[in-house]
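Listing of query.cif, mmCIF, C-alpha atoms; chains and numbers go by the auth columns
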```cif
data_input
#
loop_
_atom_site.group_PDB
_atom_site.id
_atom_site.type_symbol
_atom_site.label_atom_id
_atom_site.label_comp_id
_atom_site.label_asym_id
_atom_site.label_seq_id
_atom_site.Cartn_x
_atom_site.Cartn_y
_atom_site.Cartn_z
_atom_site.B_iso_or_equiv
_atom_site.auth_seq_id
_atom_site.auth_asym_id
ATOM 1 C CA PRO A 1 -186.184 37.076 -134.274 0.00 1 A
ATOM 2 C CA PHE A 2 -185.688 40.820 -134.365 0.00 2 A
ATOM 3 C CA ILE A 3 -186.238 42.434 -137.753 0.00 3 A
ATOM 4 C CA ARG A 4 -186.529 45.928 -139.217 0.00 4 A
ATOM 5 C CA VAL A 5 -189.575 46.800 -141.323 0.00 5 A
ATOM 6 C CA ALA A 6 -189.101 50.028 -143.218 0.00 6 A
ATOM 7 C CA ALA A 7 -192.028 52.325 -144.008 0.00 7 A
ATOM 8 C CA GLY A 8 -193.977 50.866 -146.933 0.00 8 A
ATOM 9 C CA GLU A 9 -192.338 47.431 -146.688 0.00 9 A
ATOM 10 C CA THR A 10 -193.918 44.037 -145.992 0.00 10 A
ATOM 11 C CA ALA A 11 -192.027 41.367 -144.044 0.00 11 A
ATOM 12 C CA LEU A 12 -192.692 37.626 -144.100 0.00 12 A
ATOM 13 C CA LEU A 13 -192.998 36.467 -140.489 0.00 13 A
ATOM 14 C CA ALA A 14 -193.845 32.803 -141.090 0.00 14 A
ATOM 15 C CA ASP A 15 -194.505 30.460 -144.007 0.00 15 A
ATOM 16 C CA ILE A 16 -195.652 27.087 -142.719 0.00 16 A
ATOM 17 C CA ALA A 17 -196.366 24.076 -144.953 0.00 17 A
ATOM 18 C CA GLY A 18 -198.687 21.231 -144.010 0.00 18 A
ATOM 19 C CA ALA A 19 -201.544 20.877 -141.541 0.00 19 A
ATOM 20 C CA GLY A 20 -201.441 22.308 -138.056 0.00 20 A
ATOM 21 C CA ALA A 21 -202.658 24.956 -135.671 0.00 21 A
ATOM 22 C CA ILE A 22 -201.135 28.221 -134.523 0.00 22 A
ATOM 23 C CA THR A 23 -200.994 28.111 -130.722 0.00 23 A
ATOM 24 C CA ASN A 24 -199.360 31.458 -129.921 0.00 24 A
ATOM 25 C CA ILE A 25 -198.316 34.708 -131.562 0.00 25 A
ATOM 26 C CA TRP A 26 -196.035 37.091 -129.669 0.00 26 A
ATOM 27 C CA ILE A 27 -194.996 40.444 -131.147 0.00 27 A
ATOM 28 C CA THR A 28 -193.801 43.894 -130.159 0.00 28 A
ATOM 29 C CA SER A 29 -192.163 46.881 -131.832 0.00 29 A
ATOM 30 C CA ASN A 30 -190.536 50.195 -131.046 0.00 30 A
ATOM 31 C CA ILE A 31 -192.873 51.991 -133.479 0.00 31 A
ATOM 32 C CA PRO A 32 -194.996 54.470 -131.475 0.00 32 A
ATOM 33 C CA ASP A 33 -198.300 53.763 -133.242 0.00 33 A
ATOM 34 C CA MET A 34 -199.091 50.046 -133.569 0.00 34 A
ATOM 35 C CA ARG A 35 -201.907 50.982 -135.967 0.00 35 A
ATOM 36 C CA GLN A 36 -199.194 51.463 -138.604 0.00 36 A
ATOM 37 C CA LEU A 37 -198.277 47.761 -138.531 0.00 37 A
ATOM 38 C CA ARG A 38 -200.778 45.601 -140.413 0.00 38 A
ATOM 39 C CA LEU A 39 -200.909 41.832 -139.852 0.00 39 A
ATOM 40 C CA ARG A 40 -202.106 39.653 -142.734 0.00 40 A
ATOM 41 C CA VAL A 41 -202.524 35.905 -142.421 0.00 41 A
ATOM 42 C CA PHE A 42 -203.353 33.583 -145.304 0.00 42 A
ATOM 43 C CA TRP A 43 -204.671 30.065 -144.627 0.00 43 A
ATOM 44 C CA ASP A 44 -204.276 27.075 -146.961 0.00 44 A
ATOM 45 C CA GLY A 45 -202.867 28.934 -149.972 0.00 45 A
ATOM 46 C CA SER A 46 -205.681 31.458 -150.223 0.00 46 A
ATOM 47 C CA PRO A 47 -204.736 34.645 -152.112 0.00 47 A
ATOM 48 C CA VAL A 48 -207.063 36.602 -149.790 0.00 48 A
ATOM 49 C CA PRO A 49 -206.004 37.102 -146.157 0.00 49 A
ATOM 50 C CA SER A 50 -208.298 35.725 -143.471 0.00 50 A
ATOM 51 C CA ILE A 51 -206.679 38.061 -140.966 0.00 51 A
ATOM 52 C CA ASP A 52 -206.181 41.629 -142.192 0.00 52 A
ATOM 53 C CA THR A 53 -205.893 43.899 -139.197 0.00 53 A
ATOM 54 C CA THR A 54 -203.634 46.422 -137.522 0.00 54 A
ATOM 55 C CA LEU A 55 -201.627 45.146 -134.575 0.00 55 A
ATOM 56 C CA ALA A 56 -203.391 47.745 -132.419 0.00 56 A
ATOM 57 C CA SER A 57 -206.808 46.350 -133.366 0.00 57 A
ATOM 58 C CA PHE A 58 -205.809 42.691 -133.071 0.00 58 A
ATOM 59 C CA PHE A 59 -204.350 43.212 -129.612 0.00 59 A
ATOM 60 C CA CYS A 60 -206.999 45.717 -128.352 0.00 60 A
ATOM 61 C CA LEU A 61 -204.492 48.568 -127.942 0.00 61 A
ATOM 62 C CA GLY A 62 -206.600 51.561 -128.942 0.00 62 A
ATOM 63 C CA GLY A 63 -205.064 54.809 -130.116 0.00 63 A
ATOM 64 C CA PRO A 64 -201.525 55.834 -130.984 0.00 64 A
ATOM 65 C CA GLY A 65 -198.765 55.223 -128.501 0.00 65 A
ATOM 66 C CA GLN A 66 -201.088 53.901 -125.843 0.00 66 A
ATOM 67 C CA ALA A 67 -199.549 51.313 -123.546 0.00 67 A
ATOM 68 C CA ASN A 68 -202.719 49.570 -122.448 0.00 68 A
ATOM 69 C CA THR A 69 -202.467 46.342 -120.533 0.00 69 A
ATOM 70 C CA VAL A 70 -204.901 43.669 -121.659 0.00 70 A
ATOM 71 C CA ALA A 71 -205.586 40.438 -119.791 0.00 71 A
ATOM 72 C CA SER A 72 -208.008 37.918 -121.263 0.00 72 A
ATOM 73 C CA ALA A 73 -208.136 34.228 -122.072 0.00 73 A
ATOM 74 C CA ALA A 74 -206.929 34.818 -125.646 0.00 74 A
ATOM 75 C CA ILE A 75 -205.165 38.211 -125.761 0.00 75 A
ATOM 76 C CA ASN A 76 -202.602 39.553 -123.304 0.00 76 A
ATOM 77 C CA VAL A 77 -200.583 42.759 -123.549 0.00 77 A
ATOM 78 C CA GLY A 78 -197.933 43.767 -121.038 0.00 78 A
ATOM 79 C CA PRO A 79 -197.340 47.339 -119.883 0.00 79 A
ATOM 80 C CA THR A 80 -194.609 47.864 -122.496 0.00 80 A
ATOM 81 C CA ARG A 81 -196.675 46.489 -125.419 0.00 81 A
ATOM 82 C CA GLY A 82 -195.500 42.886 -125.447 0.00 82 A
ATOM 83 C CA CYS A 83 -198.500 41.432 -127.336 0.00 83 A
ATOM 84 C CA SER A 84 -199.497 37.779 -127.041 0.00 84 A
ATOM 85 C CA SER A 85 -202.358 35.866 -128.683 0.00 85 A
ATOM 86 C CA SER A 86 -203.256 32.340 -127.642 0.00 86 A
ATOM 87 C CA TRP A 87 -206.141 31.871 -130.102 0.00 87 A
ATOM 88 C CA THR A 88 -205.971 28.399 -131.621 0.00 88 A
ATOM 89 C CA MET A 89 -205.888 28.901 -135.397 0.00 89 A
ATOM 90 C CA PRO A 90 -206.086 25.660 -137.404 0.00 90 A
ATOM 91 C CA PHE A 91 -204.994 25.290 -141.025 0.00 91 A
ATOM 92 C CA ALA A 92 -205.147 22.307 -143.392 0.00 92 A
ATOM 93 C CA SER A 93 -202.292 22.856 -145.842 0.00 93 A
ATOM 94 C CA GLY A 94 -200.352 25.950 -144.817 0.00 94 A
ATOM 95 C CA ALA A 95 -200.193 29.317 -143.112 0.00 95 A
ATOM 96 C CA ARG A 96 -198.412 32.510 -144.180 0.00 96 A
ATOM 97 C CA PHE A 97 -197.950 35.528 -141.873 0.00 97 A
ATOM 98 C CA GLU A 98 -197.023 38.954 -143.250 0.00 98 A
ATOM 99 C CA LEU A 99 -196.488 42.274 -141.483 0.00 99 A
ATOM 100 C CA GLU A 100 -196.782 45.511 -143.464 0.00 100 A
ATOM 101 C CA ASN A 101 -195.556 48.867 -142.217 0.00 101 A
ATOM 102 C CA THR A 102 -198.196 51.254 -143.585 0.00 102 A
ATOM 103 C CA GLY A 103 -196.791 54.292 -141.766 0.00 103 A
ATOM 104 C CA ASP A 104 -194.212 56.936 -142.604 0.00 104 A
ATOM 105 C CA ALA A 105 -191.720 55.867 -139.929 0.00 105 A
ATOM 106 C CA ASP A 106 -189.509 52.789 -140.051 0.00 106 A
ATOM 107 C CA ALA A 107 -190.089 50.109 -137.427 0.00 107 A
ATOM 108 C CA GLU A 108 -186.467 49.753 -136.351 0.00 108 A
ATOM 109 C CA VAL A 109 -187.305 46.732 -134.203 0.00 109 A
ATOM 110 C CA VAL A 110 -190.059 44.173 -134.622 0.00 110 A
ATOM 111 C CA ALA A 111 -189.608 41.203 -132.314 0.00 111 A
ATOM 112 C CA TYR A 112 -191.934 38.256 -132.846 0.00 112 A
ATOM 113 C CA LYS A 113 -192.588 34.540 -132.465 0.00 113 A
ATOM 114 C CA VAL A 114 -195.223 32.374 -134.166 0.00 114 A
ATOM 115 C CA THR A 115 -195.696 29.014 -132.433 0.00 115 A
ATOM 116 C CA TYR A 116 -197.639 26.127 -133.967 0.00 116 A
ATOM 117 C CA GLU A 117 -198.322 22.417 -133.659 0.00 117 A
ATOM 118 C CA GLU A 118 -198.223 20.021 -136.574 0.00 118 A
ATOM 119 C CA ARG A 119 -201.462 18.039 -136.851 0.00 119 A
ATOM 120 C CA GLU A 120 -203.011 15.369 -139.044 0.00 120 A
ATOM 121 C CA SER A 121 -205.030 17.003 -141.836 0.00 121 A
ATOM 122 C CA GLU A 122 -208.144 14.941 -141.072 0.00 122 A
ATOM 123 C CA SER A 123 -208.237 16.428 -137.545 0.00 123 A
ATOM 124 C CA ILE A 124 -208.421 20.026 -138.832 0.00 124 A
ATOM 125 C CA PRO A 125 -211.887 21.628 -138.597 0.00 125 A
ATOM 126 C CA ARG A 126 -213.209 23.381 -141.703 0.00 126 A
ATOM 127 C CA PHE A 127 -213.572 26.783 -140.047 0.00 127 A
ATOM 128 C CA ARG A 128 -210.678 29.276 -140.102 0.00 128 A
ATOM 129 C CA PHE A 129 -209.816 32.118 -137.763 0.00 129 A
ATOM 130 C CA CYS A 130 -210.666 35.490 -139.322 0.00 130 A
ATOM 131 C CA ALA A 131 -210.103 39.058 -138.104 0.00 131 A
ATOM 132 C CA LEU A 132 -210.567 42.379 -139.842 0.00 132 A
ATOM 133 C CA THR A 133 -209.946 46.018 -138.980 0.00 133 A
ATOM 134 C CA VAL A 134 -212.944 48.054 -140.149 0.00 134 A
ATOM 135 C CA SER A 135 -212.801 51.853 -140.257 0.00 135 A
ATOM 136 C CA GLY A 136 -215.362 54.442 -141.175 0.00 136 A
ATOM 137 C CA GLU A 137 -218.124 56.669 -139.911 0.00 137 A
ATOM 138 C CA PRO A 138 -221.637 55.776 -138.695 0.00 138 A
ATOM 139 C CA HIS A 139 -224.439 55.494 -141.226 0.00 139 A
ATOM 140 C CA GLU A 140 -227.036 58.267 -141.244 0.00 140 A
ATOM 141 C CA PRO A 141 -229.733 58.833 -140.024 0.00 141 A
ATOM 142 C CA ALA A 142 -229.541 56.269 -137.196 0.00 142 A
ATOM 143 C CA HIS A 143 -225.791 56.790 -136.550 0.00 143 A
ATOM 144 C CA GLU A 144 -225.194 53.036 -136.636 0.00 144 A
ATOM 145 C CA PHE A 145 -221.960 51.326 -137.639 0.00 145 A
ATOM 146 C CA ASP A 146 -221.711 47.782 -139.025 0.00 146 A
ATOM 147 C CA LEU A 147 -219.071 45.808 -137.136 0.00 147 A
ATOM 148 C CA LEU A 148 -219.598 42.712 -139.266 0.00 148 A
ATOM 149 C CA VAL A 149 -221.444 41.910 -142.461 0.00 149 A
ATOM 150 C CA ALA A 150 -221.137 38.182 -143.186 0.00 150 A
ATOM 151 C CA SER A 151 -223.009 35.161 -144.439 0.00 151 A
ATOM 152 C CA GLY A 152 -222.616 31.444 -143.875 0.00 152 A
ATOM 153 C CA GLU A 153 -221.665 29.420 -140.843 0.00 153 A
ATOM 154 C CA GLY A 154 -219.197 30.372 -138.168 0.00 154 A
ATOM 155 C CA LEU A 155 -218.678 31.510 -134.623 0.00 155 A
ATOM 156 C CA ILE A 156 -218.139 35.089 -133.464 0.00 156 A
ATOM 157 C CA VAL A 157 -215.837 35.209 -130.454 0.00 157 A
ATOM 158 C CA GLY A 158 -215.595 38.944 -129.904 0.00 158 A
ATOM 159 C CA SER A 159 -214.726 42.378 -131.142 0.00 159 A
ATOM 160 C CA SER A 160 -212.576 45.301 -130.093 0.00 160 A
ATOM 161 C CA MET A 161 -213.737 48.838 -130.776 0.00 161 A
ATOM 162 C CA THR A 162 -211.866 52.136 -130.622 0.00 162 A
ATOM 163 C CA TRP A 163 -213.249 55.437 -131.779 0.00 163 A
ATOM 164 C CA THR A 164 -211.802 58.866 -132.333 0.00 164 A
ATOM 165 C CA ALA A 165 -213.790 62.050 -131.759 0.00 165 A
ATOM 166 C CA VAL A 166 -214.240 64.076 -134.937 0.00 166 A
ATOM 167 C CA GLY A 167 -214.941 67.301 -133.067 0.00 167 A
ATOM 168 C CA PRO A 168 -213.365 69.187 -130.168 0.00 168 A
ATOM 169 C CA ARG A 169 -214.487 68.813 -126.552 0.00 169 A
ATOM 170 C CA TRP A 170 -216.004 65.361 -126.883 0.00 170 A
ATOM 171 C CA TRP A 171 -214.405 62.543 -124.886 0.00 171 A
ATOM 172 C CA GLY A 172 -216.767 59.658 -125.568 0.00 172 A
ATOM 173 C CA GLU A 173 -218.364 57.355 -123.060 0.00 173 A
#
```

Turn this file's structure into structure tokens for me.
Amino acid sequence: PFIRVAAGETALLADIAGAGAITNIWITSNIPDMRQLRLRVFWDGSPVPSIDTTLASFFCLGGPGQANTVASAAINVGPTRGCSSSWTMPFASGARFELENTGDADAEVVAYKVTYEERESESIPRFRFCALTVSGEPHEPAHEFDLLVASGEGLIVGSSMTWTAVGPRWWGE
């Protein structure tokens, strides 16, 4: 579907009951800065999102208005920002996808598709897909930045990092 998400609004993209696994997410928008669109996904009735990230971060797009192409096993982005995720994301009793427009401009067009397979609940693993956009500045005095602070069991499959220079005449490495 094609929907409009006004500035400050949250749209429900999918509300799936039962056990299954997300097999693909495809999304794009006319909004210039994909960092203004925040994806939140809730597994199995949890009130806390397991995915809470900007579309730019989730799809490795970088800064505002950048039309980066990305080609990997799990994330693909075309030259005009058609974003596709093929991460398998299992859930035992339900999945809810929300998209919030945190910016000042309306997203006149958000086109999307969430594809999933129904599965038997006993075949669903206990781990859930999680993603988080983390922002901030490095810790002094070592100038280190924590990408992840977590406890318990799980598997880390990757990270995407974008930084912005805080001073003039510095372009990064």

* To do: Using the chain letters and residue numbers of this document, give as a PyMOL selection string the residues selected by the PyMOL selection byres ((chain A and resi 49-65) around 9).
  => chain A and resi 27+31-43+46-48+66-70+75-77+81+83-85+128-134+159-164

* **Evaluate the PyMOL selection byres ((chain A and resi 15-20) around 10) and report residues as a PyMOL selection string** => chain A and resi 12-14+21-23+41-45+88-98+116-124

* **d(CA of Thr80 (chain A), CA of Asn30 (chain A)) in Å** =>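 Distance reported for this atom pair: 9.8 Å.
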
* To do: Show which residues sit within 8 Å of Glu108 (chain A), as a list in words. Count all atoms listed in the file, and ignore same-chain residues fewer than 2 positions away.
  => Ile3, Arg4, Val5, Ala6, Ser29, Asn30, Ile31, Asp106 and Val110 of chain A

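Going from CA of Tyr112 (chain A) over to CA of Asn24 (chain A), you cover 10.5 Å.
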
* For Ala107 (chain A), which residue among A:Thr28, A:Pro1, A:Gly152, A:Ala71 is the nearest when counting all atoms listed in the file? ->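 Between A:Thr28, A:Pro1, A:Gly152, A:Ala71, the residue approaching Ala107 (chain A) most closely is A:Thr28.
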